[in-house]
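Engineer: Just upload_2.cif, nothing more (mmCIF, C-alpha atoms):
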```cif
data_start
#
loop_
_atom_site.label_atom_id
_atom_site.label_comp_id
_atom_site.auth_asym_id
_atom_site.auth_seq_id
_atom_site.Cartn_x
_atom_site.Cartn_y
_atom_site.Cartn_z
CA CYS D 1 12.10 -5.59 4.82
CA TRP D 2 12.39 -2.74 2.32
CA GLU D 3 14.83 -3.03 -0.57
CA GLN D 4 16.19 0.51 -0.54
CA ASN D 5 16.68 1.11 -4.28
CA HIS D 6 13.13 0.25 -5.29
CA PHE D 7 10.59 -0.21 -2.53
CA TYR D 8 11.26 2.35 0.20
CA PRO D 9 8.09 4.43 0.73
CA MET D 10 8.08 7.17 -1.92
CA TRP D 11 6.43 9.65 0.43
CA CYS D 12 9.32 9.53 2.92
CA ALA D 13 12.28 8.22 0.89
CA ARG D 14 15.42 10.34 1.10
CA ASP D 15 15.87 10.12 -2.67
CA PHE D 16 12.44 11.30 -3.73
CA SER D 17 12.86 11.58 -7.47
CA THR D 18 14.46 8.32 -8.63
CA ARG D 19 13.69 4.63 -8.40
CA GLY D 20 15.28 1.64 -10.09
CA THR D 21 13.52 -1.03 -12.12
CA TRP D 22 14.19 -4.42 -13.73
CA GLN D 23 14.27 -5.68 -17.29
CA ASP D 24 12.09 -8.70 -16.57
CA CYS D 25 10.54 -10.83 -13.83
CA GLU D 26 13.38 -13.34 -13.75
CA ALA D 27 15.92 -10.59 -13.07
CA MET D 28 13.73 -9.13 -10.32
CA ASP D 29 13.18 -12.50 -8.66
CA ALA D 30 16.88 -13.35 -8.75
CA GLU D 31 17.91 -10.05 -7.20
CA LEU D 32 15.38 -9.76 -4.38
CA PRO D 33 15.22 -11.73 -1.11
CA GLU D 34 12.53 -14.33 -0.58
CA PHE D 35 10.23 -11.91 1.26
CA ILE D 36 10.05 -8.23 0.40
CA MET D 37 7.80 -5.30 1.32
CA ASN D 38 6.93 -2.50 -1.09
CA GLU D 39 5.51 0.88 -0.05
CA ASN D 40 6.54 2.46 -3.33
CA TYR D 41 4.70 2.00 -6.62
CA LEU D 42 4.03 -1.48 -7.97
CA ASP D 43 5.96 -2.73 -10.99
CA HIS D 44 3.90 -3.82 -13.99
CA PRO D 45 3.40 -6.36 -15.40
CA LEU D 46 3.00 -8.33 -12.18
CA CYS D 47 5.40 -11.26 -11.82
CA MET D 48 2.67 -13.71 -10.84
CA GLN D 49 4.62 -16.81 -11.88
CA GLN D 50 7.61 -15.91 -9.71
CA ARG D 51 6.00 -14.56 -6.54
CA LEU D 52 2.92 -14.46 -4.37
CA HIS D 53 1.47 -10.94 -4.14
CA SER D 54 -0.26 -9.64 -1.03
CA ILE D 55 -1.33 -6.22 0.16
CA VAL D 56 -2.32 -4.75 3.52
CA ILE D 57 -4.92 -2.05 2.95
CA ARG D 58 -6.11 0.68 5.25
CA GLU D 59 -9.13 2.97 5.39
CA PRO D 60 -7.96 5.84 3.12
CA VAL D 61 -8.79 8.83 5.34
CA GLU D 62 -7.14 7.23 8.35
CA ARG D 63 -4.13 6.35 6.21
CA ALA D 64 -3.78 9.90 4.87
CA ILE D 65 -4.01 11.45 8.33
CA SER D 66 -1.50 8.95 9.71
CA HIS D 67 0.99 9.68 6.91
CA GLU D 68 0.64 13.42 7.43
CA MET D 69 1.26 13.06 11.17
CA HIS D 70 4.33 10.91 10.44
CA LEU D 71 5.79 13.49 8.06
CA GLU D 72 5.19 16.32 10.52
CA LYS D 73 6.87 14.35 13.28
CA PHE D 74 9.92 13.30 11.25
CA ARG D 75 10.43 16.21 8.84
CA ASP D 76 13.60 17.27 10.67
CA TYR D 77 14.88 13.69 10.82
CA TYR D 78 14.47 13.32 7.06
CA LYS D 79 16.12 16.78 6.61
CA MET D 80 13.37 17.95 4.28
CA THR D 81 13.36 21.37 2.71
CA HIS D 82 10.01 23.13 2.71
CA GLU D 83 9.56 22.29 -0.99
CA THR D 84 10.33 18.61 -0.47
CA PHE D 85 8.05 18.44 2.55
CA GLU D 86 5.14 19.93 0.57
CA LYS D 87 5.66 17.49 -2.31
CA ARG D 88 5.71 14.50 0.00
CA LEU D 89 2.76 15.82 1.97
CA SER D 90 0.74 16.17 -1.22
CA MET D 91 1.61 12.62 -2.26
CA GLY D 92 0.74 11.10 1.12
CA ARG D 93 -2.54 12.98 1.33
CA MET D 94 -4.05 12.15 -2.02
CA ASN D 95 -5.01 8.70 -3.36
CA TYR D 96 -1.67 7.09 -2.48
CA MET D 97 -3.00 3.52 -2.77
CA THR D 98 -4.46 4.18 -6.21
CA TRP D 99 -1.22 5.82 -7.31
CA ALA D 100 0.91 2.92 -6.06
CA LEU D 101 -1.19 0.25 -7.77
CA SER D 102 -1.70 1.99 -11.12
CA VAL D 103 0.96 4.55 -12.01
CA ASP D 104 3.57 2.23 -13.52
CA LEU D 105 1.03 0.69 -15.91
CA ILE D 106 -0.66 3.96 -16.90
CA ASP D 107 2.43 6.10 -17.33
CA ARG D 108 5.28 4.49 -19.26
CA SER D 109 6.88 7.78 -20.35
CA GLY D 110 9.79 7.52 -17.94
CA MET D 111 8.96 10.79 -16.20
CA ASN D 112 9.21 11.11 -12.43
CA LYS D 113 6.22 9.08 -11.22
CA ALA D 114 6.30 10.86 -7.87
CA MET D 115 4.96 13.93 -9.65
CA ILE D 116 1.96 12.12 -11.17
CA LYS D 117 -1.28 12.53 -9.24
CA PRO D 118 -4.01 9.93 -9.94
CA GLY D 119 -7.00 12.13 -10.69
CA ARG D 120 -8.82 10.12 -13.33
CA THR D 121 -11.22 7.20 -13.15
CA ILE D 122 -8.84 5.07 -15.22
CA HIS D 123 -6.36 5.11 -12.34
CA ALA D 124 -8.96 3.60 -9.99
CA GLU D 125 -10.03 1.05 -12.61
CA VAL D 126 -6.43 -0.12 -13.10
CA ALA D 127 -5.92 -0.25 -9.32
CA MET D 128 -9.02 -2.42 -8.91
CA GLU D 129 -8.00 -4.77 -11.71
CA THR D 130 -4.56 -5.06 -10.12
CA LEU D 131 -6.06 -5.92 -6.74
CA SER D 132 -8.16 -8.65 -8.33
CA LYS D 133 -4.91 -10.38 -9.38
CA PHE D 134 -3.38 -10.36 -5.88
CA ASP D 135 -3.14 -13.64 -3.99
CA PHE D 136 -4.02 -12.10 -0.61
CA ILE D 137 -5.67 -8.84 0.49
CA LEU D 138 -5.58 -8.07 4.21
CA GLU D 139 -6.81 -5.38 6.58
CA PHE D 140 -5.74 -6.04 10.14
CA SER D 141 -8.71 -4.33 11.77
CA ARG D 142 -11.42 -6.27 9.98
CA ASP D 143 -11.84 -9.95 10.80
CA LYS D 144 -9.39 -11.63 13.17
CA ALA D 145 -10.34 -15.15 12.08
CA CYS D 146 -9.87 -14.25 8.41
CA ASP D 147 -6.59 -12.46 9.22
CA ALA D 148 -5.30 -15.58 10.94
CA ALA D 149 -6.33 -17.81 8.05
CA SER D 150 -4.81 -15.49 5.44
CA VAL D 151 -1.50 -15.23 7.26
CA HIS D 152 -1.43 -19.00 7.78
CA PHE D 153 -2.04 -19.74 4.10
CA MET D 154 0.66 -17.21 3.21
CA GLY D 155 3.09 -19.38 5.15
CA PHE D 156 3.58 -17.31 8.31
CA GLY D 157 2.03 -19.76 10.75
CA ASP D 158 0.07 -18.13 13.57
CA LEU D 159 1.67 -14.70 13.29
CA VAL D 160 -1.02 -12.00 13.04
CA PRO D 161 0.23 -8.38 13.10
CA GLY D 162 -1.62 -5.76 15.09
CA HIS D 163 -3.44 -2.74 13.69
CA ASN D 164 -2.07 0.78 13.92
CA SER D 165 -4.60 3.59 13.88
CA ALA D 166 -4.22 7.34 13.64
CA ASP D 167 -4.40 9.06 17.04
CA VAL D 168 -7.57 11.17 16.82
CA GLU D 169 -6.47 13.52 19.60
CA LYS D 170 -3.09 14.21 18.01
CA SER D 171 -4.67 14.76 14.59
CA LYS D 172 -7.00 17.57 15.71
CA GLY D 173 -4.59 20.23 14.44
CA LEU D 174 -4.79 18.90 10.88
CA ASN D 175 -7.39 19.57 8.20
CA PRO D 176 -11.04 18.59 8.73
CA ARG D 177 -11.88 14.99 7.83
CA ALA D 178 -14.02 16.20 4.91
CA PHE D 179 -10.87 17.51 3.20
CA TYR D 180 -9.22 14.08 3.30
CA GLU D 181 -12.40 12.43 2.04
CA GLU D 182 -12.40 14.79 -0.95
CA TRP D 183 -8.69 14.24 -1.61
CA ASN D 184 -9.07 10.44 -1.51
CA LYS D 185 -12.17 9.75 -3.57
CA LEU D 186 -10.35 7.31 -5.85
CA ASP D 187 -8.80 5.52 -2.89
CA MET D 188 -12.24 5.22 -1.28
CA ALA D 189 -13.59 3.53 -4.41
CA VAL D 190 -10.61 1.17 -4.55
CA TYR D 191 -10.97 0.47 -0.81
CA ARG D 192 -14.66 -0.48 -1.21
CA TYR D 193 -13.74 -2.83 -4.05
CA ALA D 194 -10.95 -4.38 -1.96
CA ASN D 195 -13.45 -5.05 0.82
CA LYS D 196 -15.66 -6.96 -1.61
CA LEU D 197 -12.69 -9.07 -2.67
CA MET D 198 -11.82 -9.74 0.99
CA GLU D 199 -15.37 -10.91 1.68
CA VAL D 200 -15.03 -13.50 -1.09
CA ASP D 201 -11.60 -14.56 0.17
CA CYS D 202 -12.77 -14.88 3.75
CA GLU D 203 -15.73 -17.06 2.73
CA PHE D 204 -13.33 -19.30 0.80
CA PHE D 205 -10.88 -19.54 3.72
CA ALA D 206 -13.74 -20.39 6.08
CA ARG D 207 -14.85 -23.27 3.84
CA VAL D 208 -11.30 -24.61 3.59
CA LEU D 209 -10.80 -24.43 7.35
CA ASP D 210 -14.13 -26.16 7.93
CA GLU D 211 -13.05 -28.99 5.64
CA ILE D 212 -9.65 -29.47 7.32
CA GLY D 213 -10.94 -28.98 10.86
CA GLY D 214 -9.42 -25.54 11.57
CA LEU D 215 -5.91 -24.18 11.60
CA PRO D 216 -3.28 -26.77 12.55
CA GLU D 217 -1.29 -26.19 15.73
CA ILE D 218 2.19 -24.73 15.26
CA VAL D 219 4.78 -27.09 16.80
#
```
Taking this structure as input, can you express it in the form of structure tokens?
Structural biologist:
Amino acid sequence: CWEQNHFYPMWCARDFSTRGTWQDCEAMDAELPEFIMNENYLDHPLCMQQRLHSIVIREPVERAISHEMHLEKFRDYYKMTHETFEKRLSMGRMNYMTWALSVDLIDRSGMNKAMIKPGRTIHAEVAMETLSKFDFILEFSRDKACDAASVHFMGFGDLVPGHNSADVEKSKGLNPRAFYEEWNKLDMAVYRYANKLMEVDCEFFARVLDEIGGLPEIV
């Protein structure tokens, strides 16, 4: 589902320093397939007229620990030098969601965005404003009924993905949880805001489903 030149996850992409872009929304929409996933940074301005935008969020500390475990496990597979590993580790540990949602709008200098760490309140504010424009926000460990409704209204029928969680036992050799909480303060603020948006969405979906008599059967 990843388009390799633009959307492969920055924290594990083989080509860490470069990423393509488009001149405008029409060019992007014409080039990409109908459905695309992005674990890199988000292009601004959002192409809201061309595409639906959705995001799957995750509790930030759990996400950071999971990313670190993934990098440790696959560092040889990705053939990372020590320097590259440390750069990717730093990116995965610290406010990755805030970075992904805000960096392209805040920094238009053309410098390597992988080297920019979101450490200011403005990054979180931009990330929150961006989330408020999304069509769907999901967290597949939250509310199964809301998950099912969201996925249905996105056009995927009754498909509801499962939830992956970081293995607590395997993560015991990493840093204490308090470290990850400190490193992800902006992400925690964005995550709390996203949960408020999801509450509003879920109430709306519930009203719609009540009016139409529930989700239709998939035939």
Engineer: Suppose a student applies the PyMOL selection byres ((chain D and resi 41) around 8) to this structure; what residues should they get, written as a ChimeraX atom specification?
Structural biologist: /D:7,10,38-40,42-43,99-104
Engineer: When you count all atoms listed in the file, which of these residues is closest to D:Ile65: D:Arg177, D:His123, D:His44, D:Lys144?
Structural biologist: D:Arg177
Engineer: Calculate how many Å separate atom CA of D:Glu72 from atom CA of D:Met188, rounding to one decimal.
Structural biologist: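 Spanning atom CA of D:Glu72 to atom CA of D:Met188 is a straight-line distance of 23.8 Å.
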Engineer: With distances taken over only C-alpha atoms, which of D:Ile122, D:Met97, D:Leu32, D:Leu138 is nearest to D:Met154?
Structural biologist: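 Between D:Ile122, D:Met97, D:Leu32, D:Leu138, the residue approaching D:Met154 most closely is D:Leu138.
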Engineer: For stretch 129-137 of chain D, work out the shell of residues within 12 Å, counting only C-alpha atoms and skipping chain neighbours fewer than 4 positions away, then give it as a PyMOL selection string.
Structural biologist: chain D and resi 42-49+51-58+97-106+122-125+142+146-147+149-155+190-202+204-205
Engineer: Distance atom CA of D:Met69-atom CA of D:Asn5, one decimal place?
Structural biologist: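 For atom CA of D:Met69 relative to atom CA of D:Asn5, the distance reads 24.9 Å.
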Engineer: Could you write out as a ChimeraX atom specification the residues that the PyMOL selection byres ((chain D and resi 34) around 12) matches in the shown file?
Structural biologist: /D:1-3,28-33,35-37,50-52
Engineer: Hey, can you check how far atom CA of D:Pro60 sits from atom CA of D:Glu182?
Structural biologist: 10.8 Å
Engineer: Render stretch 64-85 of chain D from the structure in the preceding block as a file of N, CA and C atoms, as a JSON list (two decimals), in the first residue's frame.
Structural biologist:
```
[["chain", "number", "residue", "atom", "x", "y", "z"],
["D", 64, "ALA", "N", 5.97, 4.64, 20.31],
["D", 64, "ALA", "CA", 7.41, 4.86, 20.33],
["D", 64, "ALA", "C", 8.17, 3.59, 20.72],
["D", 65, "ILE", "N", 7.67, 2.89, 21.72],
["D", 65, "ILE", "CA", 8.30, 1.64, 22.15],
["D", 65, "ILE", "C", 8.24, 0.60, 21.03],
["D", 66, "SER", "N", 7.09, 0.50, 20.38],
["D", 66, "SER", "CA", 6.92, -0.45, 19.29],
["D", 66, "SER", "C", 7.88, -0.15, 18.14],
["D", 67, "HIS", "N", 8.02, 1.12, 17.77],
["D", 67, "HIS", "CA", 8.94, 1.49, 16.70],
["D", 67, "HIS", "C", 10.38, 1.16, 17.06],
["D", 68, "GLU", "N", 10.74, 1.42, 18.32],
["D", 68, "GLU", "CA", 12.11, 1.13, 18.75],
["D", 68, "GLU", "C", 12.38, -0.38, 18.70],
["D", 69, "MET", "N", 11.43, -1.17, 19.14],
["D", 69, "MET", "CA", 11.59, -2.63, 19.09],
["D", 69, "MET", "C", 11.73, -3.10, 17.65],
["D", 70, "HIS", "N", 10.95, -2.49, 16.73],
["D", 70, "HIS", "CA", 11.01, -2.87, 15.32],
["D", 70, "HIS", "C", 12.39, -2.56, 14.75],
["D", 71, "LEU", "N", 12.91, -1.38, 15.04],
["D", 71, "LEU", "CA", 14.23, -1.02, 14.52],
["D", 71, "LEU", "C", 15.32, -1.93, 15.06],
["D", 72, "GLU", "N", 15.25, -2.25, 16.35],
["D", 72, "GLU", "CA", 16.24, -3.15, 16.94],
["D", 72, "GLU", "C", 16.19, -4.52, 16.26],
["D", 73, "LYS", "N", 15.00, -4.98, 15.98],
["D", 73, "LYS", "CA", 14.83, -6.30, 15.39],
["D", 73, "LYS", "C", 15.31, -6.36, 13.96],
["D", 74, "PHE", "N", 15.10, -5.26, 13.20],
["D", 74, "PHE", "CA", 15.38, -5.29, 11.76],
["D", 74, "PHE", "C", 16.56, -4.42, 11.34],
["D", 75, "ARG", "N", 17.40, -4.00, 12.29],
["D", 75, "ARG", "CA", 18.51, -3.12, 11.91],
["D", 75, "ARG", "C", 19.46, -3.79, 10.95],
["D", 76, "ASP", "N", 19.69, -5.09, 11.08],
["D", 76, "ASP", "CA", 20.56, -5.80, 10.14],
["D", 76, "ASP", "C", 19.88, -5.97, 8.79],
["D", 77, "TYR", "N", 18.57, -6.22, 8.81],
["D", 77, "TYR", "CA", 17.83, -6.36, 7.55],
["D", 77, "TYR", "C", 17.88, -5.08, 6.74],
["D", 78, "TYR", "N", 17.73, -3.94, 7.41],
["D", 78, "TYR", "CA", 17.79, -2.65, 6.72],
["D", 78, "TYR", "C", 19.22, -2.20, 6.43],
["D", 79, "LYS", "N", 20.21, -2.98, 6.90],
["D", 79, "LYS", "CA", 21.64, -2.69, 6.66],
["D", 79, "LYS", "C", 21.99, -1.28, 7.12],
["D", 80, "MET", "N", 21.60, -0.96, 8.35],
["D", 80, "MET", "CA", 21.85, 0.37, 8.89],
["D", 80, "MET", "C", 23.25, 0.47, 9.48],
["D", 81, "THR", "N", 23.91, 1.58, 9.19],
["D", 81, "THR", "CA", 25.11, 1.91, 9.93],
["D", 81, "THR", "C", 24.69, 2.37, 11.32],
["D", 82, "HIS", "N", 25.65, 2.47, 12.23],
["D", 82, "HIS", "CA", 25.32, 2.93, 13.58],
["D", 82, "HIS", "C", 24.74, 4.34, 13.53],
["D", 83, "GLU", "N", 25.30, 5.21, 12.69],
["D", 83, "GLU", "CA", 24.82, 6.59, 12.59],
["D", 83, "GLU", "C", 23.38, 6.63, 12.07],
["D", 84, "THR", "N", 23.10, 5.84, 11.04],
["D", 84, "THR", "CA", 21.75, 5.82, 10.48],
["D", 84, "THR", "C", 20.76, 5.27, 11.49],
["D", 85, "PHE", "N", 21.16, 4.21, 12.19],
["D", 85, "PHE", "CA", 20.29, 3.62, 13.20],
["D", 85, "PHE", "C", 19.93, 4.65, 14.27]]
```
